[in-house]
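Okay, structure first, notes after.
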Amino acid sequence: MNEVKTIAHIYNDFPEKFGLPRQGICAGELRGRIVFEEEYRDINALKGMEEYDRIWILWIFDVYDESFRPMVRPPKLGGNEYRGVFATRSPHRPNPIAMTCARIVGIAENESDLERFGVTIGKGDPKFTSPEIIVSGIDMVSGTKVIDIKPYIPYADSFPDARGGFSLPEGERQLEVRCEEGVRESLLERLGEYRLGVLTKSLAEDPRPGYKTDENSENTRLYGMKYAGLDLHFRVENGILFIVGFEEDSNGNNIF
């Protein structure tokens, strides 16, 4: 079999798995840059992509357990029920391959296109290299390896009447997200409306482990989550998630 090659990496505001949307549709406005490896950095390879709204991104889980687990515990089931690994999208599988159906925001051929498409180069991310694909509705951490890109074809790829197993549609089990006094204003100043909106929607999906999501519990534990250069702190009580503060992730200086 031919060697599977890394053709690109994707960069966004989530440097770690915790807090990342479990499915791209859960934070549909989360945007990212697909930055190609030098060998594949050719605008001709993207000719015709402007005729599509979406693409399939095939990518590699950064951290996974190479041992085969026939049964896993999906977070959607509270982390207490088992399903066969091939009936889930768990990262604990024989080959660490995942897929995401992302929306094409645009093809960036120069650095000024990034601002036009609503993305910026994060601290530590690679500089702009033409061409880049800007996408939204993604569910992988920043720096993830991309092994292939294919167009999404609606008549062949969409089966709206198909059963979805234990997976729940978007909008169920949502938390209400609030900020403690003064926090929202500070976050808005630091992140802007777009990034704060993505953060709020991601937190509403409840990033905590499934076994800690009992709506009736008085859970006052503080959780930490990295996002857009910040280290955020939140707690959950009675179905409400409170953002209590944040610090700069780069050097730990408290800015609230």
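How things are named: the first chain in the structure tokens is A, the next is B, and so on; residues count from 1 in each chain; ligands count from 1 in the order shown.
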What's around region 139-143 of chain A at 8 Å? Count only C-alpha atoms, leave out sequence neighbours fewer than 6 positions away in its own chain, and write the answer as a count of residues only.
15
For Arg221 (chain A): contacts at 9 Å, only C-alpha atoms, fewer than 2 positions along chain excluded, given as a PyMOL selection string
chain A and resi 219+223+234-236
Go through A:Asp53, A:Asp231, A:Asp206, A:Glu81 one by one, measure the shortest atom-to-atom distance of each to Gln174 (chain A) using only C-alpha atoms, and give the residue with the smallest value.
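Between A:Asp53, A:Asp231, A:Asp206, A:Glu81, the residue approaching Gln174 (chain A) most closely is A:Asp206.
You can rank A:Met225, A:Asp249, A:Ile138, A:Ile243 by their closest distance to Glu185 (chain A) using only C-alpha atoms, and at the top of that list sits A:Ile243.
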If you measure from CA of Asp42 (chain A) to CA of Ile134 (chain A), what distance in Å do you get, rounded to one decimal?
15.4 Å
Would you kindly return, as a list in words, each protein, DNA or RNA residue with an atom no farther than 10 Å from any atom of region 123-128 of chain A, considering only C-alpha atoms and excluding same-chain residues fewer than 3 positions away?
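Listed by chain and then number, they are His9, Ile10, Tyr11, Asn12, Arg33, Val35, Ala108, Glu109, Asn110, Glu111, Ser112, Leu114, Thr120, Pro131, Glu132, Ser142, Gly143, Ala228, Gly229 and Ser250 of chain A.
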Output for the residues just chosen: C-alpha atoms as a tab-separated table (two decimals), in the first residue's frame:
chain	number	residue	atom	x	y	z
A	9	HIS	CA	-2.06	21.18	8.64
A	10	ILE	CA	-5.08	23.06	9.93
A	11	TYR	CA	-4.81	25.99	12.36
A	12	ASN	CA	-7.54	27.53	14.52
A	33	ARG	CA	-6.58	27.86	7.85
A	35	VAL	CA	-1.86	25.38	5.27
A	108	ALA	CA	-6.68	32.83	0.24
A	109	GLU	CA	-4.05	33.66	-2.36
A	110	ASN	CA	-2.48	36.55	-0.44
A	111	GLU	CA	-2.30	37.55	3.21
A	112	SER	CA	-4.89	40.32	2.85
A	114	LEU	CA	-7.19	36.31	5.59
A	120	THR	CA	-5.94	35.93	11.74
A	131	PRO	CA	-2.72	29.19	-1.41
A	132	GLU	CA	-4.61	28.43	1.79
A	142	SER	CA	-4.87	23.53	15.84
A	143	GLY	CA	-1.92	21.90	14.10
A	228	ALA	CA	-7.57	31.95	21.19
A	229	GLY	CA	-4.50	32.63	23.33
A	250	SER	CA	1.26	32.70	26.63
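Look at His233 (chain A): the protein and nucleic acid residues within 10 Å of it, using only C-alpha atoms and passing over chain neighbours fewer than 3 places away, are A:Leu222, A:Tyr223, A:Gly224, A:Met225, A:Lys226, A:Leu230, A:Phe242, A:Ile243, A:Val244, A:Gly245, A:Phe246, A:Glu247.
Across the model, the gap from CA of Gly48 (chain A) to CA of Arg31 (chain A) is 21.3 Å.
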Would you please give, as number ranges by chain, all residues of region 105-250 of chain A that DSSP assigns to alpha helix (DSSP H) based on the backbone?
A: 112-116, 154-157, 183-204
Output N, CA and C atoms of each residue in that selection to a file, as a PDB file, in the first residue's frame.
ATOM      1  N   SER A 112      -3.748  39.433   2.624  1.00  0.00           N
ATOM      2  CA  SER A 112      -4.888  40.324   2.847  1.00  0.00           C
ATOM      3  C   SER A 112      -6.214  39.577   2.771  1.00  0.00           C
ATOM      4  N   ASP A 113      -6.230  38.418   2.097  1.00  0.00           N
ATOM      5  CA  ASP A 113      -7.451  37.621   2.025  1.00  0.00           C
ATOM      6  C   ASP A 113      -7.849  37.073   3.393  1.00  0.00           C
ATOM      7  N   LEU A 114      -6.875  36.872   4.282  1.00  0.00           N
ATOM      8  CA  LEU A 114      -7.188  36.308   5.593  1.00  0.00           C
ATOM      9  C   LEU A 114      -8.154  37.208   6.355  1.00  0.00           C
ATOM     10  N   GLU A 115      -7.870  38.495   6.379  1.00  0.00           N
ATOM     11  CA  GLU A 115      -8.763  39.433   7.063  1.00  0.00           C
ATOM     12  C   GLU A 115     -10.131  39.456   6.396  1.00  0.00           C
ATOM     13  N   ARG A 116     -10.153  39.393   5.084  1.00  0.00           N
ATOM     14  CA  ARG A 116     -11.421  39.404   4.355  1.00  0.00           C
ATOM     15  C   ARG A 116     -12.265  38.178   4.705  1.00  0.00           C
ATOM     16  N   PRO A 154     -23.617  16.905  -2.715  1.00  0.00           N
ATOM     17  CA  PRO A 154     -24.896  16.740  -2.008  1.00  0.00           C
ATOM     18  C   PRO A 154     -25.701  15.517  -2.434  1.00  0.00           C
ATOM     19  N   TYR A 155     -25.831  15.248  -3.727  1.00  0.00           N
ATOM     20  CA  TYR A 155     -26.704  14.145  -4.140  1.00  0.00           C
ATOM     21  C   TYR A 155     -26.135  12.791  -3.743  1.00  0.00           C
ATOM     22  N   ALA A 156     -24.816  12.712  -3.592  1.00  0.00           N
ATOM     23  CA  ALA A 156     -24.182  11.435  -3.257  1.00  0.00           C
ATOM     24  C   ALA A 156     -23.865  11.303  -1.772  1.00  0.00           C
ATOM     25  N   ASP A 157     -23.675  12.431  -1.086  1.00  0.00           N
ATOM     26  CA  ASP A 157     -23.176  12.394   0.292  1.00  0.00           C
ATOM     27  C   ASP A 157     -24.247  12.670   1.342  1.00  0.00           C
ATOM     28  N   VAL A 183     -16.795  40.027  33.297  1.00  0.00           N
ATOM     29  CA  VAL A 183     -16.015  39.116  32.459  1.00  0.00           C
ATOM     30  C   VAL A 183     -16.370  39.258  30.981  1.00  0.00           C
ATOM     31  N   ARG A 184     -17.669  39.366  30.687  1.00  0.00           N
ATOM     32  CA  ARG A 184     -18.068  39.439  29.281  1.00  0.00           C
ATOM     33  C   ARG A 184     -17.448  40.658  28.595  1.00  0.00           C
ATOM     34  N   GLU A 185     -17.461  41.796  29.261  1.00  0.00           N
ATOM     35  CA  GLU A 185     -16.887  43.008  28.672  1.00  0.00           C
ATOM     36  C   GLU A 185     -15.404  42.827  28.381  1.00  0.00           C
ATOM     37  N   SER A 186     -14.695  42.182  29.318  1.00  0.00           N
ATOM     38  CA  SER A 186     -13.258  41.944  29.115  1.00  0.00           C
ATOM     39  C   SER A 186     -13.019  40.956  27.982  1.00  0.00           C
ATOM     40  N   LEU A 187     -13.847  39.911  27.918  1.00  0.00           N
ATOM     41  CA  LEU A 187     -13.712  38.939  26.832  1.00  0.00           C
ATOM     42  C   LEU A 187     -14.034  39.572  25.484  1.00  0.00           C
ATOM     43  N   LEU A 188     -15.070  40.382  25.445  1.00  0.00           N
ATOM     44  CA  LEU A 188     -15.444  41.035  24.197  1.00  0.00           C
ATOM     45  C   LEU A 188     -14.328  41.944  23.706  1.00  0.00           C
ATOM     46  N   GLU A 189     -13.694  42.653  24.613  1.00  0.00           N
ATOM     47  CA  GLU A 189     -12.579  43.524  24.237  1.00  0.00           C
ATOM     48  C   GLU A 189     -11.395  42.712  23.730  1.00  0.00           C
ATOM     49  N   ARG A 190     -11.165  41.562  24.343  1.00  0.00           N
ATOM     50  CA  ARG A 190     -10.002  40.731  23.980  1.00  0.00           C
ATOM     51  C   ARG A 190     -10.246  39.902  22.727  1.00  0.00           C
ATOM     52  N   LEU A 191     -11.486  39.380  22.567  1.00  0.00           N
ATOM     53  CA  LEU A 191     -11.762  38.423  21.495  1.00  0.00           C
ATOM     54  C   LEU A 191     -12.543  39.006  20.321  1.00  0.00           C
ATOM     55  N   GLY A 192     -13.398  39.983  20.573  1.00  0.00           N
ATOM     56  CA  GLY A 192     -14.304  40.479  19.544  1.00  0.00           C
ATOM     57  C   GLY A 192     -15.564  39.619  19.487  1.00  0.00           C
ATOM     58  N   GLU A 193     -16.573  40.111  18.767  1.00  0.00           N
ATOM     59  CA  GLU A 193     -17.877  39.450  18.705  1.00  0.00           C
ATOM     60  C   GLU A 193     -17.790  38.049  18.108  1.00  0.00           C
ATOM     61  N   TYR A 194     -17.050  37.890  17.011  1.00  0.00           N
ATOM     62  CA  TYR A 194     -16.996  36.591  16.326  1.00  0.00           C
ATOM     63  C   TYR A 194     -16.420  35.504  17.222  1.00  0.00           C
ATOM     64  N   ARG A 195     -15.231  35.738  17.794  1.00  0.00           N
ATOM     65  CA  ARG A 195     -14.594  34.706  18.618  1.00  0.00           C
ATOM     66  C   ARG A 195     -15.367  34.448  19.904  1.00  0.00           C
ATOM     67  N   LEU A 196     -15.959  35.482  20.476  1.00  0.00           N
ATOM     68  CA  LEU A 196     -16.756  35.274  21.678  1.00  0.00           C
ATOM     69  C   LEU A 196     -17.999  34.448  21.360  1.00  0.00           C
ATOM     70  N   GLY A 197     -18.576  34.660  20.187  1.00  0.00           N
ATOM     71  CA  GLY A 197     -19.727  33.863  19.769  1.00  0.00           C
ATOM     72  C   GLY A 197     -19.380  32.395  19.600  1.00  0.00           C
ATOM     73  N   VAL A 198     -18.233  32.107  18.972  1.00  0.00           N
ATOM     74  CA  VAL A 198     -17.778  30.726  18.810  1.00  0.00           C
ATOM     75  C   VAL A 198     -17.545  30.083  20.174  1.00  0.00           C
ATOM     76  N   LEU A 199     -16.907  30.821  21.077  1.00  0.00           N
ATOM     77  CA  LEU A 199     -16.639  30.307  22.422  1.00  0.00           C
ATOM     78  C   LEU A 199     -17.934  29.975  23.147  1.00  0.00           C
ATOM     79  N   THR A 200     -18.898  30.875  23.091  1.00  0.00           N
ATOM     80  CA  THR A 200     -20.171  30.662  23.785  1.00  0.00           C
ATOM     81  C   THR A 200     -20.879  29.417  23.268  1.00  0.00           C
ATOM     82  N   LYS A 201     -20.892  29.245  21.951  1.00  0.00           N
ATOM     83  CA  LYS A 201     -21.571  28.079  21.381  1.00  0.00           C
ATOM     84  C   LYS A 201     -20.835  26.791  21.740  1.00  0.00           C
ATOM     85  N   SER A 202     -19.515  26.827  21.768  1.00  0.00           N
ATOM     86  CA  SER A 202     -18.739  25.639  22.136  1.00  0.00           C
ATOM     87  C   SER A 202     -18.991  25.252  23.589  1.00  0.00           C
ATOM     88  N   LEU A 203     -19.028  26.234  24.473  1.00  0.00           N
ATOM     89  CA  LEU A 203     -19.264  25.952  25.886  1.00  0.00           C
ATOM     90  C   LEU A 203     -20.690  25.457  26.126  1.00  0.00           C
ATOM     91  N   ALA A 204     -21.640  25.930  25.335  1.00  0.00           N
ATOM     92  CA  ALA A 204     -23.028  25.488  25.494  1.00  0.00           C
ATOM     93  C   ALA A 204     -23.179  23.989  25.252  1.00  0.00           C
TER      94      ALA A 204
END
Nearest to Thr88 (chain A), chosen from A:Leu30, A:Ala102, A:Ile133, A:Met71, with only C-alpha atoms counted in the distances:
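When distances to Thr88 (chain A) are compared using only C-alpha atoms, the smallest one comes from A:Met71.
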Between CA of Asn44 (chain A) and CA of Gly118 (chain A), what is the distance in Å, rounded to a tenth?
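Those two atoms sit 24.0 Å apart.
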Excluding Glu51 (chain A) and residues on its chain fewer than 5 positions from it, collect all residues at most 12 Å away from it, counting only C-alpha atoms, and give them as an MDAnalysis selection string.
chainID A and resid 46 104 106:107 151:153
Would you export the selected residues with C-alpha atoms as a PDB file, in the first residue's frame, please?
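Heads up, here's the output in selection33.pdb:
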ATOM      1  CA  LEU A  46      -7.567  23.820  -6.056  1.00  0.00           C
ATOM      2  CA  ILE A 104     -15.430  26.595   2.348  1.00  0.00           C
ATOM      3  CA  GLY A 106     -12.692  31.066   0.616  1.00  0.00           C
ATOM      4  CA  ILE A 107      -9.348  30.449  -1.052  1.00  0.00           C
ATOM      5  CA  PRO A 151     -15.443  17.814  -2.485  1.00  0.00           C
ATOM      6  CA  TYR A 152     -18.755  17.320  -0.714  1.00  0.00           C
ATOM      7  CA  ILE A 153     -21.324  16.228  -3.315  1.00  0.00           C
TER       8      ILE A 153
END
Could you tell me, as a PyMOL selection string, which residues of region 27-195 of chain A DSSP assigns to strand (DSSP E) when given the backbone?
chain A and resi 31-36+54-60+71-72+83-84+97-108+132-136+144-151+176-179
Using only C-alpha atoms, find the one residue out of A:Val146, A:Ser167, A:Lys5, A:Asn95 that sits nearest to Arg83 (chain A).
A:Ser167
